[in-house]
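Containing TSV, C-alpha atoms and all ligand atoms: target-v1.tsv.
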```tsv
chain	number	residue	atom	x	y	z
R	19	MET	CA	123.45	177.47	-60.04
R	20	ASN	CA	125.49	174.61	-58.67
R	21	ARG	CA	125.23	171.83	-61.24
R	22	ALA	CA	125.81	168.23	-60.22
R	23	HIS	CA	128.26	166.08	-62.14
R	24	ASN	CA	125.46	164.01	-63.60
R	25	PHE	CA	126.41	160.66	-65.15
R	26	SER	CA	122.83	159.41	-65.49
R	27	ALA	CA	122.16	156.98	-68.35
R	28	GLY	CA	118.76	158.57	-68.85
R	29	PRO	CA	116.92	160.80	-68.35
R	30	ALA	CA	120.23	162.56	-68.64
R	31	VAL	CA	122.03	165.87	-68.63
R	32	LEU	CA	120.80	168.63	-70.96
R	33	PRO	CA	122.54	171.85	-72.04
R	34	ILE	CA	122.06	174.54	-69.42
R	35	GLU	CA	120.98	177.09	-72.02
R	36	VAL	CA	118.21	174.75	-73.15
R	37	LEU	CA	117.01	174.48	-69.56
R	38	GLN	CA	117.02	178.27	-69.26
R	39	GLU	CA	115.11	178.76	-72.52
R	40	THR	CA	112.63	176.11	-71.47
R	41	SER	CA	112.06	177.64	-68.05
R	42	GLN	CA	111.18	180.92	-69.78
R	43	ALA	CA	108.95	179.21	-72.37
R	44	VAL	CA	107.12	177.37	-69.63
R	45	LEU	CA	106.18	180.72	-68.08
R	46	ASP	CA	105.52	182.71	-71.23
R	47	TYR	CA	106.31	181.61	-74.73
R	48	ASN	CA	107.51	184.45	-76.99
R	49	ASN	CA	105.51	187.04	-75.05
R	50	LEU	CA	102.26	185.47	-76.17
R	51	GLY	CA	100.93	185.61	-72.63
R	52	MET	CA	100.82	181.85	-72.37
R	53	SER	CA	103.01	178.95	-71.50
R	54	ILE	CA	104.30	176.56	-74.17
R	55	MET	CA	102.16	173.98	-72.37
R	56	GLU	CA	99.02	176.06	-72.67
R	57	MET	CA	99.13	176.47	-76.44
R	58	SER	CA	96.99	174.61	-78.93
R	59	HIS	CA	99.11	172.17	-80.86
R	60	ARG	CA	97.20	173.35	-83.95
R	61	SER	CA	98.12	177.02	-83.45
R	62	ALA	CA	100.41	178.66	-85.99
R	63	GLU	CA	102.91	179.51	-83.23
R	64	TYR	CA	103.20	175.97	-81.95
R	65	ASP	CA	103.17	174.47	-85.42
R	66	ALA	CA	106.25	176.56	-86.23
R	67	VAL	CA	108.06	175.07	-83.21
R	68	PHE	CA	107.15	171.54	-84.28
R	69	VAL	CA	107.96	171.87	-87.95
R	70	GLU	CA	111.26	173.58	-87.19
R	71	ALA	CA	112.31	170.73	-84.89
R	72	GLN	CA	111.55	168.26	-87.69
R	73	LYS	CA	113.49	170.34	-90.20
R	74	ASP	CA	116.51	170.90	-87.94
R	75	GLY	CA	116.58	167.23	-86.99
R	76	LEU	CA	116.89	166.13	-90.61
R	77	GLU	CA	119.39	168.86	-91.37
R	78	ILE	CA	121.67	167.74	-88.54
R	79	LEU	CA	121.50	164.15	-89.81
R	80	GLY	CA	122.20	165.28	-93.38
R	81	LEU	CA	118.92	163.85	-94.68
R	82	SER	CA	116.44	165.29	-97.14
R	83	PRO	CA	112.81	165.98	-96.19
R	84	ASP	CA	111.86	164.69	-99.63
R	85	GLU	CA	113.14	161.27	-98.67
R	86	TYR	CA	112.63	161.09	-94.90
R	87	ALA	CA	109.84	161.92	-92.46
R	88	VAL	CA	110.28	162.81	-88.79
R	89	LEU	CA	107.78	161.62	-86.21
R	90	PHE	CA	107.60	162.62	-82.55
R	91	LEU	CA	105.70	159.83	-80.86
R	92	GLY	CA	104.83	158.65	-77.38
R	93	GLY	CA	105.45	155.21	-75.90
R	94	GLY	CA	109.23	155.41	-75.72
R	95	ALA	CA	111.73	153.54	-77.79
R	96	SER	CA	110.05	150.48	-76.30
R	97	LEU	CA	106.90	151.02	-78.36
R	98	GLN	CA	109.02	151.13	-81.52
R	99	PHE	CA	110.13	147.59	-80.68
R	100	LEU	CA	106.54	146.58	-81.48
R	101	MET	CA	105.56	149.18	-84.08
R	102	ILE	CA	108.39	148.13	-86.39
R	103	PRO	CA	107.36	144.48	-86.77
R	104	MET	CA	103.65	145.41	-86.82
R	105	ASN	CA	104.33	147.53	-89.90
R	106	PHE	CA	107.14	145.70	-91.65
R	107	LEU	CA	107.58	142.08	-90.51
R	108	LYS	CA	105.95	139.94	-93.20
R	109	ASN	CA	108.25	137.02	-94.01
R	110	LYS	CA	111.06	137.32	-91.50
R	111	ALA	CA	113.32	139.90	-89.91
R	112	ASP	CA	117.00	139.73	-88.96
R	113	TYR	CA	117.92	140.99	-85.50
R	114	VAL	CA	121.40	141.40	-84.05
R	115	ASN	CA	121.39	140.76	-80.32
R	116	THR	CA	123.93	143.06	-78.66
R	117	GLY	CA	122.34	143.34	-75.24
R	118	TYR	CA	119.44	144.13	-72.98
R	119	TRP	CA	117.63	146.52	-75.35
R	120	SER	CA	118.21	144.38	-78.46
R	121	LYS	CA	116.68	141.50	-76.57
R	122	LYS	CA	113.61	143.55	-75.76
R	123	ALA	CA	113.25	144.50	-79.44
R	124	ILE	CA	113.54	140.82	-80.39
R	125	LYS	CA	110.91	139.84	-77.85
R	126	GLU	CA	108.35	142.26	-79.31
R	127	ALA	CA	109.07	141.13	-82.88
R	128	GLN	CA	108.37	137.57	-81.77
R	129	TRP	CA	104.78	138.58	-80.99
R	130	VAL	CA	104.37	139.42	-84.65
R	131	GLY	CA	106.30	136.91	-86.73
R	132	ASN	CA	109.44	135.08	-87.76
R	133	THR	CA	112.28	136.74	-85.87
R	134	ASN	CA	115.75	135.57	-86.83
R	135	VAL	CA	118.60	136.36	-84.44
R	136	VAL	CA	121.27	136.50	-87.09
R	137	ALA	CA	124.14	137.27	-84.70
R	138	SER	CA	124.61	137.70	-80.97
R	139	SER	CA	127.31	138.61	-78.48
R	140	GLU	CA	125.50	136.98	-75.58
R	141	ASP	CA	128.18	134.24	-75.42
R	142	MET	CA	130.57	136.83	-73.95
R	143	ASN	CA	128.04	138.73	-71.85
R	144	PHE	CA	127.67	141.31	-74.66
R	145	ASN	CA	131.21	142.69	-74.35
R	146	TYR	CA	131.71	143.00	-78.12
R	147	ILE	CA	129.88	143.78	-81.38
R	148	PRO	CA	129.51	140.82	-83.80
R	149	LYS	CA	131.42	141.26	-87.06
R	150	ASN	CA	131.15	139.87	-90.60
R	151	ILE	CA	127.50	139.00	-90.30
R	152	THR	CA	125.75	137.34	-93.24
R	153	PHE	CA	122.22	138.68	-93.37
R	154	SER	CA	119.30	136.69	-94.77
R	155	PRO	CA	118.67	137.70	-98.40
R	156	ASP	CA	114.92	137.33	-97.84
R	157	ALA	CA	114.73	139.39	-94.64
R	158	ASP	CA	112.18	142.22	-94.57
R	159	TYR	CA	114.65	144.32	-92.58
R	160	VAL	CA	117.70	144.14	-90.34
R	161	HIS	CA	117.48	145.61	-86.83
R	162	ILE	CA	120.47	146.73	-84.79
R	163	THR	CA	121.05	148.72	-81.59
R	164	THR	CA	123.75	151.24	-82.50
R	165	ASN	CA	124.85	151.85	-78.90
R	166	ASN	CA	124.39	149.45	-76.01
R	167	THR	CA	123.68	151.67	-73.05
R	168	ILE	CA	124.22	149.02	-70.40
R	169	TYR	CA	127.24	147.13	-71.78
R	170	GLY	CA	129.14	150.17	-73.08
R	171	THR	CA	129.53	148.95	-76.66
R	172	ARG	CA	128.68	150.57	-79.95
R	173	TRP	CA	128.68	149.77	-83.64
R	174	ASN	CA	131.74	151.65	-84.82
R	175	VAL	CA	130.91	150.91	-88.46
R	176	VAL	CA	127.41	150.67	-89.90
R	177	PRO	CA	126.92	147.12	-91.23
R	178	ASP	CA	126.33	146.69	-94.94
R	179	THR	CA	122.92	145.08	-95.42
R	180	GLY	CA	122.81	145.49	-99.21
R	181	ASN	CA	119.25	145.87	-100.41
R	182	ILE	CA	117.71	144.94	-97.08
R	183	PRO	CA	116.42	148.00	-95.20
R	184	LEU	CA	118.46	148.74	-92.07
R	185	PHE	CA	116.56	149.77	-88.93
R	186	ALA	CA	118.25	151.01	-85.78
R	187	ASP	CA	117.51	151.77	-82.17
R	188	MET	CA	119.76	154.80	-81.67
R	189	SER	CA	118.35	155.80	-78.29
R	190	SER	CA	121.65	156.18	-76.49
R	191	ASP	CA	123.86	157.60	-79.22
R	192	PHE	CA	121.46	159.52	-81.42
R	193	MET	CA	123.19	162.62	-82.86
R	194	SER	CA	126.44	161.84	-81.06
R	195	ARG	CA	128.58	161.37	-84.17
R	196	GLU	CA	128.89	161.75	-87.89
R	197	LEU	CA	127.59	158.78	-89.82
R	198	ASP	CA	126.09	158.21	-93.22
R	199	TYR	CA	122.54	158.23	-91.88
R	200	SER	CA	121.16	157.59	-95.35
R	201	LYS	CA	122.24	153.96	-94.84
R	202	PHE	CA	119.32	153.64	-92.43
R	203	SER	CA	115.74	153.26	-93.56
R	204	LEU	CA	114.33	153.73	-90.08
R	205	MET	CA	115.99	155.06	-86.94
R	206	TYR	CA	114.47	155.87	-83.60
R	207	ALA	CA	115.52	157.19	-80.23
R	208	GLY	CA	113.87	157.84	-76.90
R	209	ALA	CA	114.75	161.51	-76.40
R	210	GLN	CA	115.81	161.18	-72.78
R	211	LYS	CA	119.33	159.95	-73.44
R	212	ASN	CA	120.77	162.50	-75.79
R	213	ILE	CA	118.26	164.94	-77.26
R	214	GLY	CA	115.66	165.94	-74.69
R	215	PRO	CA	113.38	164.95	-71.84
R	216	ALA	CA	111.58	161.63	-71.43
R	217	GLY	CA	108.15	161.34	-73.03
R	218	VAL	CA	108.93	161.73	-76.71
R	219	THR	CA	110.52	159.34	-79.17
R	220	MET	CA	111.96	160.60	-82.42
R	221	VAL	CA	111.47	158.35	-85.43
R	222	VAL	CA	113.17	159.10	-88.74
R	223	ILE	CA	111.70	156.99	-91.48
R	224	LYS	CA	112.30	156.70	-95.20
R	225	LYS	CA	109.02	157.50	-96.92
R	226	SER	CA	109.56	154.90	-99.62
R	227	LEU	CA	109.39	152.22	-96.92
R	228	LEU	CA	105.64	152.70	-96.84
R	229	GLU	CA	105.40	150.73	-100.06
R	230	ARG	CA	106.44	147.71	-98.01
R	231	GLN	CA	104.05	148.36	-95.15
R	232	LYS	CA	101.67	145.60	-94.10
R	233	ASP	CA	97.90	145.89	-94.43
R	234	ASN	CA	95.58	146.28	-91.48
R	235	VAL	CA	97.95	147.96	-89.04
R	236	PRO	CA	95.96	149.45	-86.13
R	237	THR	CA	95.73	153.22	-86.29
R	238	MET	CA	98.03	154.42	-83.52
R	239	LEU	CA	100.70	151.87	-84.47
R	240	ASN	CA	100.57	152.74	-88.14
R	241	TYR	CA	103.51	154.76	-89.46
R	242	LYS	CA	101.57	155.88	-92.53
R	243	ILE	CA	98.82	157.41	-90.41
R	244	HIS	CA	101.39	159.38	-88.41
R	245	ILE	CA	103.36	160.45	-91.50
R	246	ASP	CA	100.22	161.56	-93.35
R	247	ALA	CA	99.22	163.67	-90.34
R	248	ASN	CA	102.77	165.10	-90.10
R	249	SER	CA	103.08	163.49	-86.66
R	250	MET	CA	99.99	165.26	-85.34
R	251	PHE	CA	97.44	162.49	-85.72
R	252	ASN	CA	96.82	162.93	-82.02
R	253	THR	CA	98.11	165.57	-79.61
R	254	PRO	CA	101.90	165.31	-79.64
R	255	PRO	CA	104.09	165.70	-76.52
R	256	CYS	CA	104.23	169.45	-77.11
R	257	VAL	CA	106.66	170.66	-74.46
R	258	ASN	CA	109.01	167.73	-75.03
R	259	VAL	CA	109.23	168.50	-78.73
R	260	TYR	CA	109.92	172.13	-77.88
R	261	VAL	CA	112.89	171.05	-75.74
R	262	VAL	CA	114.16	168.68	-78.45
R	263	GLY	CA	113.96	171.61	-80.88
R	264	ARG	CA	116.09	173.75	-78.56
R	265	VAL	CA	118.66	170.94	-78.28
R	266	PHE	CA	118.82	170.86	-82.09
R	267	LYS	CA	119.47	174.62	-82.17
R	268	TRP	CA	122.26	174.05	-79.63
R	269	ILE	CA	123.81	171.32	-81.81
R	270	LYS	CA	123.60	173.53	-84.90
R	271	LYS	CA	125.11	176.49	-83.09
R	272	LEU	CA	128.07	174.39	-81.97
R	273	GLY	CA	128.70	173.37	-85.57
R	274	GLY	CA	126.73	170.18	-86.06
R	275	LEU	CA	127.68	166.55	-85.62
R	276	ALA	CA	131.33	166.96	-86.65
R	277	VAL	CA	131.93	169.24	-83.68
R	278	ILE	CA	129.71	167.19	-81.37
R	279	GLU	CA	131.62	164.03	-82.26
R	280	GLU	CA	134.95	165.71	-81.66
R	281	MET	CA	133.77	166.85	-78.22
R	282	ASN	CA	132.48	163.37	-77.43
R	283	MET	CA	135.70	161.68	-78.58
R	284	LYS	CA	137.72	164.00	-76.39
R	285	LYS	CA	135.64	163.20	-73.32
R	286	ALA	CA	135.59	159.46	-73.97
R	287	SER	CA	139.34	159.36	-74.64
R	288	LEU	CA	140.09	161.12	-71.36
R	289	LEU	CA	138.28	158.36	-69.53
R	290	TYR	CA	139.44	155.38	-71.60
R	291	ASP	CA	143.06	156.54	-71.65
R	292	TYR	CA	143.01	156.82	-67.89
R	293	ILE	CA	141.40	153.38	-67.49
R	294	ASP	CA	143.93	151.80	-69.88
R	295	ALA	CA	146.85	153.40	-68.05
R	296	ASN	CA	145.54	152.12	-64.72
R	297	SER	CA	144.23	148.72	-65.70
R	298	GLU	CA	145.59	147.05	-62.54
R	299	PHE	CA	142.82	148.88	-60.64
R	300	TYR	CA	140.24	149.96	-63.23
R	301	ARG	CA	139.25	147.26	-65.70
R	302	GLY	CA	137.28	148.24	-68.81
R	303	THR	CA	134.48	145.80	-69.60
R	304	VAL	CA	134.53	145.94	-73.42
R	305	ALA	CA	136.70	143.33	-75.17
R	306	ASN	CA	137.77	145.28	-78.27
R	307	LYS	CA	138.70	148.94	-78.20
R	308	GLU	CA	136.95	149.68	-81.48
R	309	ASP	CA	133.64	148.54	-79.95
R	310	ARG	CA	133.83	150.96	-77.05
R	311	SER	CA	130.92	153.35	-76.66
R	312	ILE	CA	131.71	157.05	-76.53
R	313	MET	CA	128.45	157.61	-74.64
R	314	ASN	CA	128.40	154.99	-71.88
R	315	VAL	CA	131.78	154.07	-70.41
R	316	THR	CA	131.75	150.93	-68.27
R	317	TRP	CA	134.39	149.47	-66.00
R	318	ASN	CA	135.01	147.40	-62.90
R	319	LEU	CA	137.06	147.88	-59.76
R	320	PRO	CA	138.89	144.99	-58.07
R	321	THR	CA	135.84	144.08	-55.92
R	322	PRO	CA	132.11	144.87	-55.75
R	323	GLU	CA	132.73	146.38	-52.30
R	324	LEU	CA	135.20	148.86	-53.75
R	325	GLU	CA	132.72	149.69	-56.50
R	326	GLN	CA	130.08	150.48	-53.91
R	327	LYS	CA	132.55	152.65	-52.01
R	328	PHE	CA	133.57	154.40	-55.25
R	329	VAL	CA	129.97	155.32	-56.10
R	330	LYS	CA	129.27	156.51	-52.58
R	331	GLU	CA	132.39	158.64	-52.23
R	332	ALA	CA	131.95	160.20	-55.66
R	333	ARG	CA	128.49	161.33	-54.66
R	334	GLU	CA	129.29	162.49	-51.15
R	335	LYS	CA	132.58	164.23	-51.90
R	336	TYR	CA	132.06	165.67	-55.37
R	337	ASN	CA	128.34	165.58	-56.17
R	338	MET	CA	128.94	163.00	-58.93
R	339	THR	CA	125.68	161.15	-59.41
R	340	ASN	CA	124.49	157.95	-61.12
R	341	LEU	CA	127.87	156.24	-61.50
R	342	LYS	CA	126.46	152.87	-60.50
R	343	GLY	CA	126.30	150.34	-63.34
R	344	HIS	CA	122.92	149.05	-64.50
R	345	ARG	CA	121.21	146.86	-61.93
R	346	SER	CA	121.45	143.87	-64.29
R	347	ILE	CA	125.28	143.81	-64.44
R	348	GLY	CA	126.71	145.99	-61.66
R	349	GLY	CA	130.11	147.67	-61.99
R	350	ILE	CA	130.56	151.35	-62.78
R	351	ARG	CA	129.06	153.25	-65.68
R	352	ALA	CA	129.64	156.87	-66.60
R	353	SER	CA	127.18	158.12	-69.19
R	354	ILE	CA	128.75	161.11	-70.89
R	355	TYR	CA	126.21	162.20	-73.47
R	356	ASN	CA	126.47	165.23	-75.76
R	357	ALA	CA	125.57	167.76	-73.07
R	358	CYS	CA	127.94	166.39	-70.44
R	359	PRO	CA	130.63	169.06	-70.02
R	360	ILE	CA	134.29	168.02	-70.35
R	361	GLU	CA	134.89	169.49	-66.89
R	362	THR	CA	132.66	166.77	-65.48
R	363	VAL	CA	134.79	164.06	-67.09
R	364	GLN	CA	137.99	165.77	-65.93
R	365	ALA	CA	136.63	165.87	-62.39
R	366	LEU	CA	135.80	162.16	-62.60
R	367	VAL	CA	139.29	161.22	-63.75
R	368	LYS	CA	140.76	163.29	-60.94
R	369	PHE	CA	138.56	161.50	-58.43
R	370	MET	CA	139.49	158.11	-59.92
R	371	GLU	CA	143.17	158.86	-59.36
R	372	GLU	CA	142.53	159.96	-55.79
R	373	PHE	CA	140.39	156.88	-55.10
R	374	LYS	CA	142.96	154.52	-56.57
R	375	LYS	CA	145.74	155.98	-54.41
R	376	GLU	CA	143.68	155.65	-51.28
R	377	ASN	CA	142.42	152.13	-51.99
R	378	SER	CA	145.14	150.14	-53.69
E	1	LIG	C1	116.87	153.59	-72.76
E	1	LIG	C2	116.85	152.77	-73.97
E	1	LIG	C3	115.65	152.24	-74.47
E	1	LIG	C4	114.33	152.40	-73.77
E	1	LIG	O1	113.77	153.59	-74.05
E	1	LIG	P1	112.30	153.99	-73.51
E	1	LIG	O2	112.14	155.33	-74.12
E	1	LIG	O3	112.39	153.98	-72.03
E	1	LIG	O4	111.35	152.98	-74.03
E	1	LIG	C5	115.70	151.52	-75.65
E	1	LIG	N1	116.86	151.32	-76.29
E	1	LIG	C6	118.03	151.79	-75.84
E	1	LIG	C7	119.29	151.54	-76.59
E	1	LIG	C8	118.06	152.53	-74.66
E	1	LIG	O5	119.23	153.02	-74.20
```
Please re-express this file's structure in structure tokens.
Amino acid sequence: MNRAHNFSAGPAVLPIEVLQETSQAVLDYNNLGMSIMEMSHRSAEYDAVFVEAQKDGLEILGLSPDEYAVLFLGGGASLQFLMIPMNFLKNKADYVNTGYWSKKAIKEAQWVGNTNVVASSEDMNFNYIPKNITFSPDADYVHITTNNTIYGTRWNVVPDTGNIPLFADMSSDFMSRELDYSKFSLMYAGAQKNIGPAGVTMVVIKKSLLERQKDNVPTMLNYKIHIDANSMFNTPPCVNVYVVGRVFKWIKKLGGLAVIEEMNMKKASLLYDYIDANSEFYRGTVANKEDRSIMNVTWNLPTPELEQKFVKEAREKYNMTNLKGHRSIGGIRASIYNACPIETVQALVKFMEEFKKENS
């Protein structure tokens, strides 16, 4: 199979072995004579798939099933923007605005209650992560976006929120690095960036949070309902969870997040080192090096016309796809998630050198 060099920000590249396993499971799961999509979600065979994905997910994050629950929900990360305040915004909530997706989370919280933007990097078009933030002592929770998919920034260090529960949208860097995940009370990620196909959102939630839950939360938006039903209150996205489960097996087989992070750092360094060494032609967009994302690398060329030419040539000459920056800011973006092979990044750097020589 001739694989493209796929730099899509999402839905994004998946490990080839996961695609192969899935293609088999779609035809006939475990010789049961039926497809994974034809099985009852209440069957013992499917339940094992689901429960194992929950278990492996927590294991990879280093969290205990006694303390945390895993939900596989529909509605994308975008629905979590609303579910969170519906369940937990009573007095007020602190939000850090680090870009497009943070803003969307803030907008949904505003439907529900007092939403305090405690820090923002909008003054510099989101090219940095705010530091030394003083959170409101009376906040119900603090919400951050750990990786900013469009602007190419990430929280290098998890902020200390003291006793205030920390919630995070981890859609674009979920399971990309080692962190003390127990610092988070609630984390969520649309699967399509780093852990699976679109159509399922993984939510990891501290069970003790439920003590703080609001009354009268409508059923499908109610975390307690989903937790009590072990994420099967209604029919879950069965095939998607199967794929996520296979991605978790792949992560575990490689050696867990320590190894994944090392691989990701290697890929990101290749690209950033090249950009830094050629800054007269390729200009990184992030102000401080420590804020640079290792998942979404963003840069500019001397002119928008050259950027257009760069994207076009990469695709036509080398089958490198989706290098165009997000429609809201332009420029170039290479998304190099967990499953992006290092060879793809090496090929990109090689092309960048060739393009620079021909165009400067
Ligand atoms: C892609 C993305 C989202 C949106 O996810 P959906 O699953 O499409 O709702 C939210 N947050 C971040 C950080 C993202 O990268």
Which residues of chain R have any atom within 10 Å of an atom in ligand LIG 1 (chain E) when counting only C-alpha atoms and all ligand atoms, and what is the closest pair of atoms for each, with the distance in Å to one decimal? Order the rows by chain and rising number and write it as CSV.
```
residue,atom,partner,partner_atom,distance
R:Ala27,CA,E:LIG1,O5,7.6
R:Gly28,CA,E:LIG1,C1,6.6
R:Pro29,CA,E:LIG1,C1,8.5
R:Gly92,CA,E:LIG1,O2,8.7
R:Gly93,CA,E:LIG1,O4,6.6
R:Gly94,CA,E:LIG1,O2,3.3
R:Ala95,CA,E:LIG1,O4,3.8
R:Ser96,CA,E:LIG1,O4,3.6
R:Leu97,CA,E:LIG1,O4,6.5
R:Gln98,CA,E:LIG1,O4,8.1
R:Phe99,CA,E:LIG1,C5,8.5
R:Thr116,CA,E:LIG1,C7,9.9
R:Gly117,CA,E:LIG1,C7,8.9
R:Tyr118,CA,E:LIG1,C7,8.2
R:Trp119,CA,E:LIG1,N1,5.0
R:Ser120,CA,E:LIG1,N1,7.4
R:Lys121,CA,E:LIG1,N1,9.8
R:Lys122,CA,E:LIG1,C5,8.2
R:Ala123,CA,E:LIG1,N1,8.3
R:Ile162,CA,E:LIG1,C7,9.6
R:Thr163,CA,E:LIG1,C7,6.0
R:Thr164,CA,E:LIG1,C7,7.4
R:Asn165,CA,E:LIG1,C7,6.0
R:Asn166,CA,E:LIG1,C7,5.5
R:Thr167,CA,E:LIG1,O5,4.8
R:Ile168,CA,E:LIG1,O5,7.4
R:Ala186,CA,E:LIG1,C7,9.3
R:Asp187,CA,E:LIG1,C7,5.9
R:Met188,CA,E:LIG1,C7,6.1
R:Ser189,CA,E:LIG1,C7,4.7
R:Ser190,CA,E:LIG1,O5,4.6
R:Asp191,CA,E:LIG1,C7,8.0
R:Phe192,CA,E:LIG1,C7,9.6
R:Tyr206,CA,E:LIG1,N1,8.9
R:Ala207,CA,E:LIG1,N1,7.2
R:Gly208,CA,E:LIG1,O2,4.1
R:Ala209,CA,E:LIG1,O2,7.1
R:Gln210,CA,E:LIG1,O2,7.0
R:Lys211,CA,E:LIG1,C1,6.9
R:Asn212,CA,E:LIG1,O5,9.7
R:Pro215,CA,E:LIG1,O2,10.0
R:Ala216,CA,E:LIG1,O2,6.9
R:Gly217,CA,E:LIG1,O2,7.3
R:Val218,CA,E:LIG1,O2,7.6
R:Thr219,CA,E:LIG1,O2,6.6
R:Met220,CA,E:LIG1,O2,9.8
R:Asn314,CA,E:LIG1,O5,9.7
```
Name the residues in contact with Ile347 of chain R at a cut-off of 10 Å, using all atoms listed in the file, excluding same-chain residues fewer than 4 positions from it; report them as a PyMOL selection string. chain R and resi 143+168-169+342-343
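We find atom CA of Gly274 of chain R and atom CA of Ala62 of chain R to be spaced 27.7 Å apart.
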Find the distance between atom CA of Leu227 of chain R and atom CA of Gly75 of chain R and write it in Å to one decimal.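 Calculated distance between atom CA of Leu227 of chain R and atom CA of Gly75 of chain R is 19.4 Å.
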Which of these residues is nearest to Gln231 of chain R, using all atoms listed in the file: R:Ser61, R:Asn105, R:Ser82, R:Asn49?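 Between R:Ser61, R:Asn105, R:Ser82, R:Asn49, the residue approaching Gln231 of chain R most closely is R:Asn105.
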Using only C-alpha atoms, the shortest atom-to-atom distance to Tyr300 of chain R among R:Thr152, R:Ser378, R:Thr237, R:Ser353 belongs to R:Ser378
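Nearest to Arg333 of chain R of all the residues R:Gln38, R:Ala22, R:Ser154, R:Lys267 is R:Ala22, counting all atoms listed in the file.
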Test item: axis-aligned box, all listed atoms of segment 303-306 of chain R, 8 Å on each side, centre and edges in Å rounded to one decimal, as JSON:
```
{"center_x": 136.1, "center_y": 144.6, "center_z": -73.9, "size_x": 19.3, "size_y": 18.6, "size_z": 24.7}
```
Mind pulling up the distance from atom CA of Leu275 of chain R to atom CA of Val44 of chain R? 28.2 Å
Can you pull out every residue within 12 Å of Ser139 of chain R, counting only C-alpha atoms, but drop anything in the same chain fewer than 2 positions away, and send it as number ranges by chain? R: 113-118, 120-121, 135-137, 141-149, 151, 166, 169, 171, 304-305, 309
Pick out the residues sitting within 10 Å of segment 64-72 of chain R, and hand them over as number ranges by chain; count all atoms listed in the file, and ignore anything fewer than 6 positions along from it in its own chain. R: 47, 54-55, 57-58, 83, 87-90, 220, 222, 248-250, 254, 256-257, 259-267
